[in-house]
Structures are given as structure tokens and as C-alpha cells.
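Participant: Just one file: structure-v1.txt, with compact mmCIF, C-alpha atoms and all ligand atoms.
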# COMPACT_ATOMS: atom_id res chain seq x y z
CA MET N 1 21.47 15.87 -4.79
CA PRO N 2 21.13 12.21 -5.80
CA THR N 3 20.83 9.86 -2.83
CA LYS N 4 23.25 6.98 -2.37
CA THR N 5 20.65 4.37 -3.26
CA SER N 6 19.74 6.18 -6.49
CA THR N 7 23.23 5.68 -7.85
CA THR N 8 24.10 2.22 -6.53
CA LYS N 9 23.00 0.75 -9.88
CA ALA N 10 24.24 3.69 -11.92
CA ARG N 11 25.58 3.04 -15.41
CA GLY N 12 27.44 5.17 -17.89
CA GLY N 13 26.72 5.67 -21.59
CA ILE N 14 28.92 7.21 -24.28
CA ASP N 15 27.74 8.07 -27.79
CA LEU N 16 30.85 8.33 -29.95
CA GLY N 17 29.89 10.62 -32.83
CA GLY N 18 31.88 12.14 -35.66
CA THR N 19 31.54 15.70 -34.31
CA LYS N 20 30.67 15.32 -30.63
CA ILE N 21 30.73 12.83 -27.77
CA PRO N 22 27.65 13.08 -25.53
CA THR N 23 27.84 11.03 -22.33
CA VAL N 24 25.37 10.24 -19.56
CA VAL N 25 25.21 8.59 -16.18
CA VAL N 26 21.83 6.98 -15.58
CA ASP N 27 20.30 5.40 -12.50
CA GLY N 28 18.77 1.92 -12.19
CA ARG N 29 15.65 3.15 -13.98
CA SER N 30 17.66 4.58 -16.88
CA LYS N 31 16.88 8.11 -15.78
CA VAL N 32 19.65 10.57 -16.65
CA ARG N 33 21.44 11.74 -13.46
CA GLY N 34 24.36 13.51 -15.08
CA GLU N 35 25.43 14.42 -18.58
CA ALA N 36 28.43 15.98 -20.30
CA ARG N 37 29.68 16.31 -23.83
CA ARG N 38 32.97 17.01 -25.54
CA PRO N 39 33.91 17.65 -29.16
CA THR N 40 35.39 14.72 -31.05
CA PRO N 41 39.11 15.31 -31.74
CA THR N 42 39.74 16.03 -35.42
CA SER N 43 43.35 14.84 -35.38
CA GLY N 44 45.47 12.21 -33.67
CA GLY N 45 44.25 8.66 -33.36
CA PRO N 46 42.07 6.27 -31.32
CA GLU N 47 43.88 7.00 -28.05
CA ASN N 48 43.19 10.74 -28.36
CA VAL N 49 39.52 10.04 -29.05
CA ALA N 50 39.31 7.52 -26.19
CA ALA N 51 40.93 10.00 -23.77
CA GLN N 52 38.27 12.57 -24.67
CA MET N 53 35.55 9.95 -24.15
CA ALA N 54 36.92 9.12 -20.69
CA GLU N 55 37.03 12.81 -19.74
CA ALA N 56 33.43 13.41 -20.86
CA LEU N 57 32.22 10.38 -18.93
CA ARG N 58 34.14 11.50 -15.84
CA GLU N 59 32.33 14.87 -16.02
CA ALA N 60 28.93 13.18 -16.38
CA ALA N 61 29.73 11.00 -13.35
CA GLU N 62 30.75 14.04 -11.35
CA ALA N 63 27.46 15.74 -12.26
CA ALA N 64 25.64 12.62 -11.02
CA GLY N 65 27.64 12.57 -7.79
CA VAL N 66 29.25 9.18 -8.38
CA GLU N 67 32.82 7.98 -9.00
CA PRO N 68 33.37 6.39 -12.43
CA GLY N 69 34.84 3.35 -10.66
CA ALA N 70 31.59 2.92 -8.70
CA LEU N 71 29.48 2.55 -11.87
CA VAL N 72 28.14 -0.94 -12.64
CA GLY N 73 29.69 -0.40 -16.06
CA VAL N 74 29.89 1.88 -19.06
CA GLY N 75 28.43 1.23 -22.52
CA VAL N 76 29.73 2.80 -25.70
CA GLY N 77 27.83 3.24 -28.97
CA SER N 78 30.47 3.43 -31.69
CA PRO N 79 30.55 3.87 -35.44
CA GLY N 80 32.76 1.66 -37.63
CA GLU N 81 33.16 -2.09 -37.34
CA VAL N 82 32.38 -3.06 -33.78
CA ASP N 83 33.20 -6.41 -32.20
CA GLY N 84 31.09 -6.45 -29.06
CA HIS N 85 32.72 -9.60 -27.63
CA ALA N 86 36.29 -8.44 -28.11
CA GLY N 87 35.41 -4.82 -27.28
CA THR N 88 37.22 -3.57 -30.37
CA VAL N 89 36.47 -0.98 -33.05
CA SER N 90 38.04 -0.74 -36.50
CA GLN N 91 37.38 1.17 -39.73
CA ALA N 92 35.73 4.13 -37.98
CA LYS N 93 36.12 6.38 -40.99
CA ASN N 94 34.59 9.54 -39.50
CA LEU N 95 37.13 9.46 -36.65
CA PRO N 96 40.75 10.60 -36.96
CA GLY N 97 43.32 7.92 -37.79
CA TRP N 98 41.01 5.08 -36.80
CA ALA N 99 41.34 2.42 -39.51
CA GLU N 100 43.19 -0.27 -37.53
CA THR N 101 41.56 -2.34 -34.80
CA PHE N 102 41.66 -0.60 -31.41
CA ALA N 103 40.80 -2.30 -28.09
CA LEU N 104 38.47 0.50 -26.99
CA ALA N 105 36.70 -1.38 -24.17
CA ASP N 106 39.94 -2.45 -22.46
CA TRP N 107 41.49 1.00 -22.83
CA LEU N 108 38.48 2.75 -21.29
CA ALA N 109 38.04 0.10 -18.58
CA LYS N 110 41.60 0.75 -17.35
CA LYS N 111 41.09 4.51 -17.45
CA LEU N 112 37.68 4.51 -15.73
CA GLY N 113 38.10 1.57 -13.35
CA THR N 114 34.90 -0.18 -14.38
CA ALA N 115 33.70 -2.69 -16.99
CA VAL N 116 33.14 -1.30 -20.51
CA LYS N 117 30.97 -2.76 -23.28
CA VAL N 118 31.00 -1.57 -26.89
CA GLY N 119 28.12 -1.80 -29.36
CA ASN N 120 27.07 -0.39 -32.73
CA ASP N 121 25.92 3.24 -32.36
CA VAL N 122 22.78 2.87 -34.47
CA GLN N 123 21.77 -0.41 -32.85
CA VAL N 124 22.05 1.00 -29.32
CA ALA N 125 20.03 4.09 -30.33
CA THR N 126 17.36 1.77 -31.77
CA GLU N 127 17.25 -0.20 -28.53
CA ALA N 128 16.96 3.01 -26.53
CA GLU N 129 13.88 3.96 -28.57
CA PHE N 130 12.56 0.42 -28.15
CA HIS N 131 12.92 0.33 -24.35
CA LEU N 132 12.44 3.97 -23.42
CA GLY N 133 11.23 6.02 -26.40
CA ALA N 134 8.85 5.98 -29.37
CA GLY N 135 9.17 2.20 -29.75
CA ARG N 136 7.84 1.27 -26.32
CA PRO N 137 4.39 0.05 -27.50
CA TYR N 138 5.89 -2.48 -29.95
CA THR N 139 7.70 -5.83 -29.80
CA SER N 140 9.28 -5.66 -33.28
CA LEU N 141 10.60 -2.60 -35.04
CA ILE N 142 13.27 -1.13 -37.24
CA GLY N 143 15.03 2.15 -36.44
CA ILE N 144 16.06 4.31 -39.39
CA PHE N 145 18.73 6.91 -38.60
CA TRP N 146 18.58 9.48 -41.37
CA GLY N 147 21.60 11.78 -41.15
CA THR N 148 25.04 12.02 -42.77
CA GLY N 149 24.44 8.43 -43.83
CA VAL N 150 21.38 6.22 -43.45
CA GLY N 151 21.77 3.69 -40.64
CA GLY N 152 19.38 1.07 -39.34
CA GLY N 153 18.80 -1.05 -36.26
CA ILE N 154 16.52 -4.04 -35.80
CA VAL N 155 14.56 -5.40 -32.83
CA LEU N 156 12.64 -8.64 -33.40
CA ASP N 157 10.43 -10.23 -30.75
CA GLY N 158 11.89 -7.89 -28.15
CA LYS N 159 15.48 -8.85 -28.97
CA PRO N 160 18.14 -7.03 -30.98
CA TRP N 161 18.94 -8.70 -34.29
CA LEU N 162 22.63 -8.21 -35.07
CA GLY N 163 23.04 -10.91 -37.71
CA ARG N 164 26.70 -11.90 -37.83
CA GLY N 165 27.52 -8.42 -36.58
CA SER N 166 26.57 -6.28 -39.55
CA ALA N 167 22.76 -6.40 -39.65
CA GLY N 168 20.71 -3.25 -40.09
CA GLU N 169 22.65 -1.65 -42.95
CA ILE N 170 19.46 -0.44 -44.61
CA GLY N 171 21.37 2.49 -46.13
CA HIS N 172 23.04 0.00 -48.45
CA THR N 173 19.80 -1.58 -49.63
CA VAL N 174 19.77 -1.27 -53.42
CA VAL N 175 16.96 1.05 -54.48
CA LYS N 176 18.20 1.50 -58.06
CA GLU N 177 20.35 -1.04 -59.84
CA GLY N 178 23.38 0.66 -61.39
CA GLY N 179 22.25 3.94 -59.82
CA ALA N 180 24.12 6.77 -58.10
CA ARG N 181 27.52 6.13 -56.51
CA CYS N 182 27.22 5.59 -52.75
CA PRO N 183 29.82 6.79 -50.20
CA CYS N 184 30.46 3.04 -49.63
CA GLY N 185 31.74 2.79 -53.20
CA ARG N 186 28.86 0.70 -54.55
CA ARG N 187 26.03 1.91 -56.76
CA GLY N 188 22.34 2.49 -56.27
CA CYS N 189 22.26 2.25 -52.43
CA LEU N 190 19.55 4.12 -50.50
CA GLU N 191 22.27 6.23 -48.84
CA ALA N 192 23.45 7.43 -52.28
CA TYR N 193 20.11 9.30 -52.54
CA ALA N 194 19.10 10.04 -48.95
CA GLY N 195 22.34 10.44 -46.97
CA ARG N 196 23.18 14.07 -46.13
CA ALA N 197 26.72 13.67 -47.48
CA ALA N 198 25.51 12.19 -50.78
CA MET N 199 22.80 14.86 -51.15
CA GLU N 200 25.40 17.56 -50.55
CA ALA N 201 27.70 16.08 -53.20
CA LYS N 202 24.81 15.98 -55.68
CA ALA N 203 23.79 19.59 -54.88
CA ARG N 204 27.40 20.74 -55.42
CA GLU N 205 27.61 18.93 -58.73
CA GLU N 206 24.32 20.47 -59.95
CA ASN N 207 25.34 23.92 -58.72
CA GLN N 208 28.70 23.72 -60.51
CA ALA N 209 26.86 22.71 -63.67
CA GLY N 210 24.96 26.00 -63.47
CA ARG N 211 21.86 25.03 -61.51
CA LYS N 212 20.61 27.84 -59.24
CA THR N 213 20.32 27.20 -55.51
CA ASP N 214 20.66 29.14 -52.25
CA LEU N 215 22.03 26.12 -50.39
CA PHE N 216 25.69 27.17 -50.50
CA LYS N 217 24.96 30.84 -49.85
CA LEU N 218 23.04 29.82 -46.73
CA MET N 219 25.92 27.58 -45.70
CA LYS N 220 28.40 30.49 -45.88
CA LYS N 221 25.99 32.93 -44.25
CA HIS N 222 25.65 30.64 -41.25
CA GLY N 223 29.39 29.99 -41.09
CA ARG N 224 29.16 26.28 -41.89
CA ASP N 225 31.54 24.24 -44.00
CA ARG N 226 28.94 21.67 -45.00
CA LEU N 227 25.21 21.47 -45.67
CA THR N 228 23.93 20.65 -42.19
CA SER N 229 20.34 19.52 -41.66
CA GLY N 230 19.61 23.08 -40.43
CA ILE N 231 20.83 24.56 -43.73
CA TRP N 232 18.67 22.14 -45.73
CA GLU N 233 15.69 23.02 -43.55
CA ARG N 234 16.18 26.76 -44.20
CA ALA N 235 16.56 26.25 -47.95
CA LEU N 236 13.38 24.15 -48.05
CA ALA N 237 11.49 26.79 -46.07
CA LYS N 238 12.59 29.41 -48.61
CA GLY N 239 11.30 27.28 -51.48
CA ASP N 240 14.72 26.42 -52.92
CA GLU N 241 13.90 24.24 -55.95
CA LEU N 242 17.04 22.12 -55.97
CA ALA N 243 16.76 21.42 -52.22
CA ALA N 244 13.10 20.43 -52.65
CA GLU N 245 13.92 18.18 -55.59
CA LEU N 246 16.71 16.38 -53.73
CA PHE N 247 14.52 15.91 -50.65
CA ASP N 248 11.62 14.61 -52.77
CA ARG N 249 13.99 12.08 -54.26
CA ALA N 250 15.40 11.14 -50.84
CA VAL N 251 11.86 10.59 -49.49
CA ARG N 252 10.89 8.40 -52.50
CA MET N 253 14.02 6.28 -52.06
CA LEU N 254 13.51 6.01 -48.27
CA GLY N 255 9.95 4.87 -48.97
CA ALA N 256 11.17 2.14 -51.34
CA GLY N 257 14.02 0.98 -49.09
CA ILE N 258 12.07 0.95 -45.84
CA ALA N 259 9.02 -0.72 -47.43
CA SER N 260 11.32 -3.47 -48.77
CA ALA N 261 12.70 -4.04 -45.26
CA VAL N 262 9.14 -4.16 -43.90
CA ASN N 263 8.12 -6.67 -46.60
CA LEU N 264 10.95 -8.92 -45.41
CA LEU N 265 10.57 -8.56 -41.63
CA ASP N 266 6.91 -7.53 -41.15
CA VAL N 267 7.72 -5.39 -38.09
CA GLU N 268 5.06 -3.47 -36.18
CA ALA N 269 6.78 -0.11 -36.34
CA VAL N 270 9.38 2.01 -38.09
CA ILE N 271 11.12 4.62 -35.91
CA ILE N 272 12.67 7.53 -37.82
CA GLY N 273 15.64 9.13 -36.05
CA GLY N 274 18.99 10.68 -36.96
CA GLY N 275 20.00 14.31 -37.45
CA ILE N 276 17.74 14.95 -40.45
CA GLY N 277 14.98 12.60 -39.35
CA VAL N 278 14.53 14.25 -35.95
CA ARG N 279 14.85 17.80 -37.31
CA MET N 280 12.31 17.28 -40.11
CA GLY N 281 10.03 15.49 -37.62
CA GLU N 282 6.40 14.45 -38.08
CA PRO N 283 5.70 16.03 -41.50
CA TYR N 284 8.54 14.08 -43.06
CA ALA N 285 7.75 10.87 -41.19
CA LYS N 286 4.30 11.18 -42.77
CA ARG N 287 5.82 11.78 -46.20
CA ILE N 288 8.04 8.70 -45.82
CA GLU N 289 5.02 6.69 -44.71
CA ASP N 290 3.14 7.80 -47.85
CA ALA N 291 6.14 6.94 -50.03
CA MET N 292 6.28 3.45 -48.50
CA GLY N 293 2.60 2.80 -49.27
CA PRO N 294 2.80 1.71 -52.93
CA HIS N 295 5.66 -0.72 -52.15
CA LEU N 296 4.09 -2.51 -49.18
CA PHE N 297 3.07 -6.06 -50.01
CA SER N 298 0.67 -6.36 -47.05
CA ASP N 299 -0.79 -2.93 -47.69
CA ALA N 300 -3.85 -3.58 -45.56
CA SER N 301 -1.72 -3.62 -42.39
CA PRO N 302 1.09 -1.06 -42.74
CA PRO N 303 3.49 -0.60 -39.80
CA ALA N 304 3.29 2.47 -37.58
CA VAL N 305 5.81 5.15 -38.57
CA ARG N 306 7.02 7.28 -35.64
CA VAL N 307 9.69 9.92 -35.00
CA ALA N 308 12.36 8.96 -32.45
CA SER N 309 11.50 10.61 -29.14
CA LEU N 310 14.70 10.56 -27.04
CA GLY N 311 16.42 13.44 -28.84
CA ASP N 312 20.17 13.77 -28.96
CA LEU N 313 20.90 11.91 -25.70
CA GLY N 314 19.18 8.78 -27.07
CA GLY N 315 22.44 7.31 -28.32
CA ALA N 316 24.21 7.74 -24.96
CA VAL N 317 21.26 6.39 -22.97
CA GLY N 318 21.04 3.47 -25.41
CA ALA N 319 24.74 2.77 -24.93
CA SER N 320 24.20 2.57 -21.15
CA LEU N 321 21.73 -0.25 -21.81
CA LEU N 322 24.66 -2.42 -22.98
CA VAL N 323 25.56 -2.72 -19.28
CA LYS N 324 23.49 -5.45 -17.65
CA THR N 325 22.62 -4.84 -14.04
ZN ZN N 401 26.28 1.96 -50.09
What does this structure look like when you write it as C-alpha cells?

Facilitator:
Amino acid sequence: MPTKTSTTKARGGIDLGGTKIPTVVVDGRSKVRGEARRPTPTSGGPENVAAQMAEALREAAEAAGVEPGALVGVGVGSPGEVDGHAGTVSQAKNLPGWAETFALADWLAKKLGTAVKVGNDVQVATEAEFHLGAGRPYTSLIGIFWGTGVGGGIVLDGKPWLGRGSAGEIGHTVVKEGGARCPCGRRGCLEAYAGRAAMEAKAREENQAGRKTDLFKLMKKHGRDRLTSGIWERALAKGDELAAELFDRAVRMLGAGIASAVNLLDVEAVIIGGGIGVRMGEPYAKRIEDAMGPHLFSDASPPAVRVASLGDLGGAVGASLLVKT
């Protein structure tokens, strides 16, 4: 049972994902005291999603033995366009009916009875790795979140670099001029080659054109409606040629895109996270490191390449860091 003093500086963290909403309550040392998760609603609008977020956080608080209103505050890592000062989120395309601007921080603050801060999901996960995970030994790093898309976060000289609010979009670095169509609508972006969604679209196209692959059979066999990172992993383990080819290409493009970012920023470390990044782990981090090699300008002093170490609560813990104690 947590003691009273252990939760006097307790903070909440919510990681608003496209499929699930993990939440945590951490103590003053950022140690997780309670956690809970809920599925992300697939219909409705921002208020339905926010209500689910509030419920999940309430459960995490209960598990930690603290009232939500007694928390110093709650941080939220959100996809879409996030305005941290206004506490609003718009254009969250993976969430139901969430195109317009919604005052998420105010809505949650009223519901939970404590202050709420909103930040970019990838940036808060990067900061969690920086303060508490694989990035601890370094003062400057970039986080690469390799999953459905390819997201990035930046920490320079110990401080987050947000630019004018949209920094870190490494997935939309051009790795091939006039290349493949990206989910963002532009051409030749890194995400068009390495994002799970784009790789799935390419695999489907090749399969429909007569190319043999077990990817879609595995998907059906495991009752999935999309090629999850687990399905890709199984296909690769079985020696599926198309899967291997698409992953080889993704790794080459990640190498080019990340090396270009390193040439610009000269950071000490690159932290590889995200659904695919964490699942594929060390062997793929090594492959990405090798693919970066030929593109590094200062090739005598390459950055360290590490796998994110906080697992799937990293985003929620990172969000709790938005609350200053
Ligand atoms: Zn793009």
C-alpha cells in the first residue's frame, strides 16, 4: 500500500493511442504506482475519447491509492496537431471524428479536478527515454518511433526541441525525390517506405499483382485485419521473400533518413522505439546503424544507436513528465 508521502507529488500520464489508451500514476520519482488501460473508441468524437481517457486515468489513480483531484497534474501525449499552450488537439486522424480543434486539457481538467497539460505523443515518449530510459547517458538525442508511421522527437542540450510546434517529423524527410506516395500525400518521404501502413499497402499491391507472400494468410490465421508488427515478424521468421524485401528497403531508407538528421544535428544517440522498433529490437537497431554508416558525414564518430527501454508504458510515463512539480 503506497504511503501518504509517496503520493503527495503524484502525477498522472495518459498516452492517447489509435488503438489503446494506457495511463499511469507515478510518484515524485516517476516510479509507476498505478496503471490502467482502455481501448480507444472507434466511433463518436473527441468527447467520447476524452471520457474514456478520464475513466482510464481514474482507474490508475485508484490503483495507486490517490484521488485524481489530489494529483499535482496530469499530462497527455496526443497524436495530431497539439497546441501545448492552449491545451488543444486538432487533426488527430487516427481518432474518431477528431478533425476540428478540441480543448482537451480544459475538458479533462474539469472532469478530473486537476491541471492537465497536453504534448505531442512522440516528443513525450522521447523525453521519457531521455530522462528515464535508454537515453539517460546522453545530453542530445533523437528518438525514432517506428510503427504505423515513423515519428521523431528531439532533445538538444538536455532540452526538448519543438521548433514552432512541428519539429521531429523525421518520417517526412525526403529519402527519394519523386518516390513512393506517403500517407501524408507527398512523395518520397521516409514513412512511405518504412511506415507499417505504407509497407502493408505496398505488400497488398504486390500480392494483387501476383507476387507470392504468406503475409495475408498469416494475418487471417491470427484473426487480424491488418499487418501488425507481430505478423511481419512471423513472416520474416518463415523466410517470406516479399516481407524480407520490404523490410530491407525500410531499413535502407531509415538509414538514409536518420543519418541525414544526424548530419544536421550531430546528436550523441539515436533511440529506436515504436511498435516495430521495439518488437524487432537489437538486431534491427544494428541493421539500421549499419545502413546509416555510408551516409554519415562525420563517420569517425557515429552516434550510439539504442533500442527504447521503457516498453509500452513509456508514452504514459513521458506524458506525466509534462507536469512540473
Ligand atoms: Zn510524408

Participant: Let me see if you get this right: every residue at most 9 Å from ligand ZN 401 (chain N), counting only C-alpha atoms and all ligand atoms, written as a list in words.

Facilitator: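 Counting only C-alpha atoms and all ligand atoms, the residues within 9 Å of ligand ZN 401 (chain N) come out as Glu169, Gly171, His172, Thr173, Val174, Arg181, Cys182, Pro183, Cys184, Gly185, Arg186, Arg187, Gly188, Cys189, Leu190, Glu191 and Ala192 of chain N.
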
Participant: Nearest residue to N:Asp240 out of N:Lys212, N:Lys111, N:Lys31, N:Arg252, using all atoms listed in the file?

Facilitator: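 Once distances to N:Asp240 are computed over all atoms listed in the file, the minimum belongs to N:Lys212.
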
Participant: Would you compute the distance between atom CA of N:Leu246 and atom CA of N:Gly195? Give it in Å to one decimal.

Facilitator: 10.6 Å

Participant: Would you compute the box with edges along x, y and z of the file around stretch 33-49 of chain N, including every atom the file lists for it and 4 Å extra on each side, and give its centre and edge lengths in Å to one decimal, as AutoDock Vina command-line options?

Facilitator:
--center_x 33.5 --center_y 12.0 --center_z -24.4 --size_x 32.0 --size_y 19.4 --size_z 30.0

Participant: Using all atoms listed in the file, which residues sit within 7 Å of N:Asp214 once same-chain residues fewer than 2 positions away are excluded, as a list of chain:residue names?

Facilitator: N:Phe216, N:Lys217, N:Leu218, N:Ala235, N:Asp240

Participant: Identify which of the residues N:Leu265, N:Leu242, N:Ala105, N:Ile231 lies closest to N:Ile154, counting only C-alpha atoms when measuring atom-to-atom distances.

Facilitator: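 The shortest atom-to-atom distance to N:Ile154 comes from N:Leu265.
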
Participant: At what distance in Å, to one decimal, does atom CA of N:Phe247 lie from atom CA of N:Glu282?

Facilitator: 15.0 Å

Participant: Measuring atom to atom with all atoms listed in the file, identify which of N:Ala300, N:Ala194, N:Ile271, N:Ala308 is nearest to N:Leu254.

Facilitator: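 Of N:Ala300, N:Ala194, N:Ile271, N:Ala308, the one nearest N:Leu254, counting all atoms listed in the file, is N:Ala194.
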
Participant: Find, counting all atoms listed in the file, the residue in N:Ile288, N:Leu71, N:Val150, N:Met253 that gets nearest to N:Gly275.

Facilitator: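 Of all the options, N:Val150 lies closest to N:Gly275.
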
Participant: Just give me the gap between atom CA of N:Trp146 and atom CA of N:Ile276 in Å, one decimal is fine.

Facilitator: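 Pair atom CA of N:Trp146 / atom CA of N:Ile276 returns 5.6 Å.
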